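Raw structure.csv, CSV, C-alpha atoms:
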chain,number,residue,atom,x,y,z
N,1,MET,CA,91.7,55.4,46.9
N,2,TRP,CA,89.0,52.9,46.0
N,3,THR,CA,86.6,55.7,45.0
N,4,ILE,CA,89.1,57.3,42.6
N,5,TYR,CA,89.8,53.8,41.0
N,6,SER,CA,86.0,53.2,40.7
N,7,ALA,CA,85.5,56.6,39.1
N,8,PHE,CA,88.2,56.0,36.5
N,9,SER,CA,86.8,52.5,35.8
N,10,VAL,CA,83.4,53.9,35.2
N,11,LEU,CA,84.7,56.7,32.9
N,12,PHE,CA,86.7,54.1,30.9
N,13,LEU,CA,83.7,51.8,30.6
N,14,LEU,CA,81.5,54.7,29.4
N,15,SER,CA,84.0,55.9,26.9
N,16,THR,CA,84.3,52.3,25.5
N,17,ILE,CA,80.5,51.9,25.3
N,18,SER,CA,80.1,55.2,23.5
N,19,ALA,CA,82.8,54.3,21.0
N,20,VAL,CA,80.7,51.3,19.6
N,21,VAL,CA,79.6,52.2,16.1
N,22,SER,CA,76.1,51.3,14.9
N,23,PRO,CA,75.9,48.9,11.9
N,24,ARG,CA,75.7,50.9,8.6
N,25,ILE,CA,72.9,48.8,7.2
N,26,ILE,CA,69.8,49.5,5.1
N,27,TYR,CA,66.6,47.5,5.3
N,28,SER,CA,64.5,49.2,2.5
N,29,ALA,CA,65.2,51.7,-0.2
N,30,ILE,CA,63.8,54.1,-2.8
N,31,ILE,CA,65.6,54.0,-6.2
N,32,TYR,CA,65.2,56.9,-8.6
N,33,ASN,CA,65.9,56.6,-12.3
N,34,LYS,CA,67.7,59.8,-13.6
N,35,GLN,CA,68.9,58.1,-16.8
N,36,SER,CA,67.4,58.9,-20.2
N,37,SER,CA,65.8,55.5,-20.6
N,38,THR,CA,64.1,52.8,-18.6
N,39,ILE,CA,66.4,50.8,-16.4
N,40,ARG,CA,66.2,47.2,-15.1
N,41,CYS,CA,67.3,46.5,-11.6
N,42,ASN,CA,67.6,43.9,-8.9
N,43,ILE,CA,68.5,43.8,-5.2
N,44,ILE,CA,70.7,41.3,-3.3
N,45,TRP,CA,69.9,41.0,0.5
N,46,LEU,CA,72.0,39.3,3.2
N,47,VAL,CA,70.2,37.3,5.9
N,48,PRO,CA,71.6,36.4,9.4
N,49,SER,CA,72.3,32.8,8.3
N,50,GLY,CA,74.8,34.2,5.8
N,51,ALA,CA,72.6,33.3,2.8
N,52,THR,CA,71.6,35.8,0.1
N,53,LEU,CA,68.3,36.6,-1.4
N,54,GLN,CA,67.8,38.1,-4.9
N,55,SER,CA,64.8,40.1,-6.0
N,56,ASP,CA,63.1,39.6,-9.3
N,57,THR,CA,64.2,42.0,-11.9
N,58,PHE,CA,62.1,45.2,-11.9
N,59,SER,CA,62.0,48.2,-14.3
N,60,ILE,CA,62.0,51.9,-13.4
N,61,GLU,CA,60.8,54.4,-16.0
N,62,VAL,CA,62.7,57.6,-16.7
N,63,ASN,CA,62.3,60.1,-13.8
N,64,ASP,CA,60.3,57.6,-11.8
N,65,SER,CA,61.1,55.6,-8.7
N,66,TYR,CA,60.7,52.2,-7.2
N,67,THR,CA,60.3,51.3,-3.5
N,68,VAL,CA,62.3,48.3,-2.3
N,69,ASP,CA,60.3,46.9,0.6
N,70,GLU,CA,61.9,45.4,3.7
N,71,GLN,CA,62.3,41.7,3.7
N,72,ILE,CA,61.4,39.7,6.8
N,73,ILE,CA,62.9,36.3,7.0
N,74,ASP,CA,61.4,33.4,9.1
N,75,MET,CA,64.4,31.9,10.9
N,76,GLY,CA,62.3,29.2,12.5
N,77,THR,CA,61.8,30.5,16.1
N,78,TRP,CA,62.3,34.2,15.3
N,79,ASP,CA,62.0,36.6,12.4
N,80,ALA,CA,64.9,38.6,11.0
N,81,ARG,CA,65.3,41.6,8.8
N,82,ALA,CA,67.3,41.1,5.6
N,83,VAL,CA,69.9,43.7,4.9
N,84,ILE,CA,70.4,45.2,1.4
N,85,ASN,CA,73.8,44.2,0.3
N,86,SER,CA,73.9,45.2,-3.4
N,87,ILE,CA,71.9,47.2,-6.0
N,88,GLN,CA,72.3,46.4,-9.7
N,89,CYS,CA,70.7,48.5,-12.4
N,90,ASP,CA,71.6,47.6,-15.9
N,91,ASP,CA,75.5,47.4,-15.9
N,92,LEU,CA,75.9,49.6,-12.8
N,93,VAL,CA,76.4,48.0,-9.3
N,94,LEU,CA,76.6,49.6,-5.9
N,95,ASN,CA,77.7,47.4,-2.9
N,96,ALA,CA,77.4,47.9,0.8
N,97,PRO,CA,78.5,49.7,2.9
N,98,PHE,CA,76.7,52.6,1.3
N,99,LYS,CA,78.0,56.1,1.5
N,100,GLY,CA,76.4,58.3,4.1
N,101,VAL,CA,74.7,55.5,6.1
N,102,GLN,CA,75.5,56.0,9.8
N,103,GLY,CA,73.3,53.4,11.3
N,104,PRO,CA,70.4,51.0,10.5
N,105,SER,CA,68.1,52.8,8.0
N,106,VAL,CA,64.9,52.4,6.1
N,107,ASN,CA,63.8,54.0,2.8
N,108,TRP,CA,67.3,55.1,2.0
N,109,LYS,CA,67.5,57.0,-1.3
N,110,PHE,CA,69.6,55.8,-4.3
N,111,VAL,CA,69.8,57.7,-7.6
N,112,VAL,CA,70.8,55.9,-10.8
N,113,GLY,CA,72.6,58.3,-13.1
N,114,TRP,CA,74.2,57.6,-16.4
N,115,ASN,CA,77.5,56.3,-15.0
N,116,ARG,CA,76.9,55.4,-11.3
N,117,ILE,CA,74.4,54.7,-8.5
N,118,LEU,CA,74.5,57.4,-5.8
N,119,SER,CA,73.7,56.8,-2.2
N,120,ILE,CA,71.7,59.8,-0.8
N,121,LYS,CA,70.6,60.6,2.7
N,122,PRO,CA,66.8,60.0,3.0
N,123,ASN,CA,65.8,63.6,3.9
N,124,SER,CA,68.0,65.3,1.3
N,125,PHE,CA,66.5,67.2,-1.6
N,126,LEU,CA,66.4,65.3,-4.8
N,127,SER,CA,66.1,67.2,-8.1

Go ahead and express the file in the form of structure tokens.
Amino acid sequence: MWTIYSAFSVLFLLSTISAVVSPRIIYSAIIYNKQSSTIRCNIIWLVPSGATLQSDTFSIEVNDSYTVDEQIIDMGTWDARAVINSIQCDDLVLNAPFKGVQGPSVNWKFVVGWNRILSIKPNSFLS
């Protein structure tokens, strides 16, 4: 009897553990400009303390890209990675959670089109 109870307990525990979802967060990104003119963008990051960081405004020429580097934050006794929370390019804004992100990611692709910012899987073809 105890063996059957133990087996069911272990199966329940394993199913609970496997159901935990990874956080859908991005640490760094590559932003592509597919508009017909230069765009001006900035990034908002979240840090573990709940504060936000904002990048300086940067420009991306037509058919060019910009790499948003990972931000490491000194928390006093440990370092933390800031999480990209928002991307703004001209009057377009895309907020987290970003479409397609399944877990912690780096160098995630974003494409700025004429009417929206698209979230694209890192290894997808980009024309």

Show me a table, sorted first by chain and then by increasing residue number, of the residues of region 70-112 of chain N having an atom at most 6 Å from region 30-51 of chain N, each with its shortest atom pair and the distance in Å to one decimal, counting all atoms listed in the file and written as a Markdown table.
| residue | atom | partner | partner_atom | distance |
| --- | --- | --- | --- | --- |
| N:Ala82 | CA | N:Val47 | CA | 4.8 |
| N:Val83 | CA | N:Trp45 | CA | 5.2 |
| N:Ile84 | CA | N:Trp45 | CA | 4.3 |
| N:Asn85 | CA | N:Trp45 | CA | 5.0 |
| N:Ser86 | CA | N:Ile44 | CA | 5.0 |
| N:Ile87 | CA | N:Ile43 | CA | 4.9 |
| N:Gln88 | CA | N:Cys41 | CA | 5.3 |
| N:Cys89 | CA | N:Cys41 | CA | 4.0 |
| N:Asp90 | CA | N:Arg40 | CA | 5.5 |
| N:Asn107 | CA | N:Ile30 | CA | 5.6 |
| N:Lys109 | CA | N:Ile30 | CA | 4.9 |
| N:Phe110 | CA | N:Ile31 | CA | 4.8 |
| N:Val111 | CA | N:Tyr32 | CA | 4.8 |
| N:Val112 | CA | N:Asn33 | CA | 5.2 |

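If you look at CA of Leu53 (chain N) and CA of Ile117 (chain N), they are 20.4 Å away from each other.
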
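The residue set within 10 Å of Arg24 (chain N), counting all atoms listed in the file and dropping same-chain residues fewer than 3 places from it, reads Val21, Val83, Ala96, Pro97, Phe98, Lys99, Gly100, Val101, Gln102, Gly103, Pro104 and Ser105 of chain N.
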
Distance query 10 Å from (61.9, 56.1, 8.3) using all atoms listed in the file, result as a compact mmCIF listing (two decimals) with C-alpha atoms, in the coordinates of the input:
# COMPACT_ATOMS: atom_id res chain seq x y z
CA SER N 28 64.50 49.20 2.50
CA SER N 105 68.10 52.80 8.00
CA VAL N 106 64.90 52.40 6.10
CA ASN N 107 63.80 54.00 2.80
CA TRP N 108 67.30 55.10 2.00
CA PRO N 122 66.80 60.00 3.00
CA ASN N 123 65.80 63.60 3.90

Taking only C-alpha atoms into account, which of N:Leu94, N:Ala29, N:Gln54, N:Arg81 comes nearest Val68 (chain N)?
-> N:Ala29

Can you tell me how far CA of Glu70 (chain N) sits from CA of Val20 (chain N), in Å to one decimal?
-> 25.3 Å

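Taking CA of Phe58 (chain N) and CA of Asn95 (chain N) as endpoints, the distance between them is 18.1 Å.
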